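Beneath this line is the structure, given in structure tokens, with notes to follow.
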Amino acid sequence: MSQPKNKRSLGSHTLLYPQPALLVGTYDANGTPNLMMAAWGGICSSNPASVMVGIRKERWTYDALLEKKAFTVGIASEKMLAAADFTGIASGRNVNKFEQAGLTPVRGEMVDAPYADECPVILECKLLQHVDA
């Protein structure tokens, strides 16, 4: 079967567009606030209301999230895109991403995790399940 005009196959990839810029906030073992851009995430349940984020084991955020069992998910605004992008490139092992990105850390009200005050939408989350995919 031929493909419709102006369409082409990209092959087998993990693609889903558009994707929001999800900023995952955690505290590391020393209590330093950290923020990372999660490329993979979304709604996974409505009862209970749940989101999922895919974070590789090598990431600084991975151990912090498992230790605290708490995290935030901030949705970046368009004017925050440069700062959000930085949080996905730099490592919390080496830099304080809040300071370097010019973002303001705020302690969550419901969970032991920080978020960027500049984010227009924040989800405060408890780790309900960890899946090693």
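In the structure tokens, chains take the letters A, B, ... in the order shown, each chain's residues start at 1, and ligands count up from 1 in the order shown.
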
Could you pull out the strand (DSSP E or B) residues of region 81-131 of chain A, going by DSSP on the backbone, and write them as a PyMOL selection string?
chain A and resi 105-107+114-116+121-126

Can you build me a table of region 44-86 of chain A residues sitting at most 9 Å from region 117-131 of chain A, with the closest atom pair per residue and its distance in Å to one decimal, using only C-alpha atoms, sorted by chain and residue number, as a tab-separated table?
```
residue	atom	partner	partner_atom	distance
A:Ser50	CA	A:Cys125	CA	8.3
A:Val51	CA	A:Cys125	CA	8.4
A:Leu65	CA	A:Leu127	CA	7.8
A:Leu66	CA	A:Leu127	CA	7.8
A:Lys68	CA	A:Leu127	CA	8.6
A:Lys69	CA	A:Leu127	CA	4.8
A:Ala70	CA	A:Lys126	CA	4.5
A:Phe71	CA	A:Cys125	CA	5.3
A:Thr72	CA	A:Glu124	CA	4.6
A:Val73	CA	A:Leu123	CA	5.0
A:Gly74	CA	A:Ile122	CA	4.4
A:Ile75	CA	A:Val121	CA	5.4
A:Ala76	CA	A:Cys119	CA	5.2
A:Ser77	CA	A:Cys119	CA	6.4
A:Met80	CA	A:Glu118	CA	7.7
```

Save out the residues we just selected, C-alpha atoms, as a PDB file, in the first residue's frame.
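Okay, this is what ended up in out.pdb:
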```
ATOM      1  CA  SER A  50      -1.108   9.279  38.139  1.00  0.00           C
ATOM      2  CA  VAL A  51       1.665  10.385  35.848  1.00  0.00           C
ATOM      3  CA  LEU A  65      13.590   9.895  43.486  1.00  0.00           C
ATOM      4  CA  LEU A  66      13.862   6.329  44.782  1.00  0.00           C
ATOM      5  CA  LYS A  68      12.729  10.193  48.847  1.00  0.00           C
ATOM      6  CA  LYS A  69       9.821   8.511  47.033  1.00  0.00           C
ATOM      7  CA  ALA A  70       8.670  12.016  46.149  1.00  0.00           C
ATOM      8  CA  PHE A  71       9.064  14.314  43.167  1.00  0.00           C
ATOM      9  CA  THR A  72       7.440  17.208  41.406  1.00  0.00           C
ATOM     10  CA  VAL A  73       6.570  17.593  37.756  1.00  0.00           C
ATOM     11  CA  GLY A  74       6.549  21.131  36.447  1.00  0.00           C
ATOM     12  CA  ILE A  75       5.338  22.044  33.003  1.00  0.00           C
ATOM     13  CA  ALA A  76       7.622  24.686  31.572  1.00  0.00           C
ATOM     14  CA  SER A  77       6.243  27.764  29.869  1.00  0.00           C
ATOM     15  CA  MET A  80      11.364  28.995  30.244  1.00  0.00           C
TER      16      MET A  80
END
```

Quick one: everything within 8 Å of Asn34 (chain A), counting only C-alpha atoms, minus sequence neighbours fewer than 5 positions away in the same chain. Send it as a PyMOL selection string.
chain A and resi 25-28+61+92+96-98+114

Compare A:Pro18, A:Pro33, A:Ala133, A:Ala90 by their minimum atom-to-atom distance to Arg56 (chain A), counting only C-alpha atoms, and give me the closest one.
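Using only C-alpha atoms, Arg56 (chain A) sits closest to A:Ala133.
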
Out of region 70-132 of chain A, which residues get alpha helix (DSSP H) from DSSP, as a list in words?
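Across region 70-132 of chain A, those assigned alpha helix (DSSP H) are Leu81, Ala82, Ala83, Ala84, Asp85, Phe86, Thr87, Gly88, Ile89, Lys97, Phe98, Glu99, Gln100 and Ala101 of chain A.
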
Please write the residues from the selection above to a file, keeping N, CA, C and O atoms, as a CSV table (one decimal), in the first residue's frame.
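Contents of again.csv, freshly written:
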```
chain,number,residue,atom,x,y,z
A,81,LEU,N,11.9,27.9,28.1
A,81,LEU,CA,12.5,26.8,27.4
A,81,LEU,C,14.0,26.7,27.4
A,81,LEU,O,14.5,25.6,27.5
A,82,ALA,N,14.7,27.8,27.4
A,82,ALA,CA,16.2,27.7,27.5
A,82,ALA,C,16.6,27.1,28.8
A,82,ALA,O,17.5,26.3,28.9
A,83,ALA,N,16.0,27.6,29.9
A,83,ALA,CA,16.3,27.1,31.2
A,83,ALA,C,16.0,25.6,31.3
A,83,ALA,O,16.7,24.8,31.9
A,84,ALA,N,14.8,25.3,30.8
A,84,ALA,CA,14.3,23.9,30.9
A,84,ALA,C,15.3,23.0,30.1
A,84,ALA,O,15.7,21.9,30.5
A,85,ASP,N,15.7,23.4,28.9
A,85,ASP,CA,16.6,22.7,28.1
A,85,ASP,C,17.9,22.4,28.9
A,85,ASP,O,18.5,21.3,28.8
A,86,PHE,N,18.4,23.5,29.5
A,86,PHE,CA,19.7,23.3,30.3
A,86,PHE,C,19.6,22.2,31.4
A,86,PHE,O,20.5,21.5,31.6
A,87,THR,N,18.4,22.1,32.0
A,87,THR,CA,18.2,21.1,33.0
A,87,THR,C,18.3,19.7,32.5
A,87,THR,O,18.5,18.7,33.2
A,88,GLY,N,18.1,19.5,31.2
A,88,GLY,CA,18.2,18.2,30.5
A,88,GLY,C,19.6,17.9,30.0
A,88,GLY,O,19.9,16.8,29.6
A,89,ILE,N,20.4,18.9,30.0
A,89,ILE,CA,21.8,18.8,29.4
A,89,ILE,C,22.8,18.6,30.6
A,89,ILE,O,23.7,17.8,30.5
A,97,LYS,N,21.6,23.1,39.2
A,97,LYS,CA,20.8,23.5,38.0
A,97,LYS,C,19.9,24.6,38.2
A,97,LYS,O,19.6,25.5,37.3
A,98,PHE,N,19.3,24.7,39.4
A,98,PHE,CA,18.4,25.9,39.7
A,98,PHE,C,19.2,27.2,39.6
A,98,PHE,O,18.8,28.1,38.9
A,99,GLU,N,20.4,27.3,40.2
A,99,GLU,CA,21.2,28.5,40.2
A,99,GLU,C,21.6,28.8,38.7
A,99,GLU,O,21.5,29.9,38.3
A,100,GLN,N,22.2,27.8,38.1
A,100,GLN,CA,22.7,28.0,36.7
A,100,GLN,C,21.6,28.4,35.7
A,100,GLN,O,21.9,29.1,34.8
A,101,ALA,N,20.4,27.8,35.9
A,101,ALA,CA,19.3,28.1,34.9
A,101,ALA,C,18.6,29.4,35.3
A,101,ALA,O,17.7,29.8,34.6
```

Just to confirm, what's the straight-line distance from CA of Val95 (chain A) to CA of Met36 (chain A) in Å (one decimal)?
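It comes out at 11.8 Å.
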
Report, in Å with one decimal, the straight-line distance from CA of Ala49 (chain A) to CA of Glu78 (chain A).
25.7 Å

Quick one: of A:His13, A:Arg107, A:Lys57, A:Lys7, who's nearest to Gly31 (chain A), counting only C-alpha atoms?
A:Arg107

For a test of reading the model, state the distance in Å between CA of Thr104 (chain A) and CA of Met52 (chain A), rounded to one decimal.
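Pair CA of Thr104 (chain A) / CA of Met52 (chain A) returns 24.1 Å.
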
Residues at most 12 Å from Gln19 (chain A), counting only C-alpha atoms, excluding those fewer than 3 positions away in the same chain, as a count of residues only?
13

Counting only C-alpha atoms, the residue of A:Lys79, A:Thr32, A:Ala113, A:Leu23 that sits nearest Ile55 (chain A):
A:Leu23
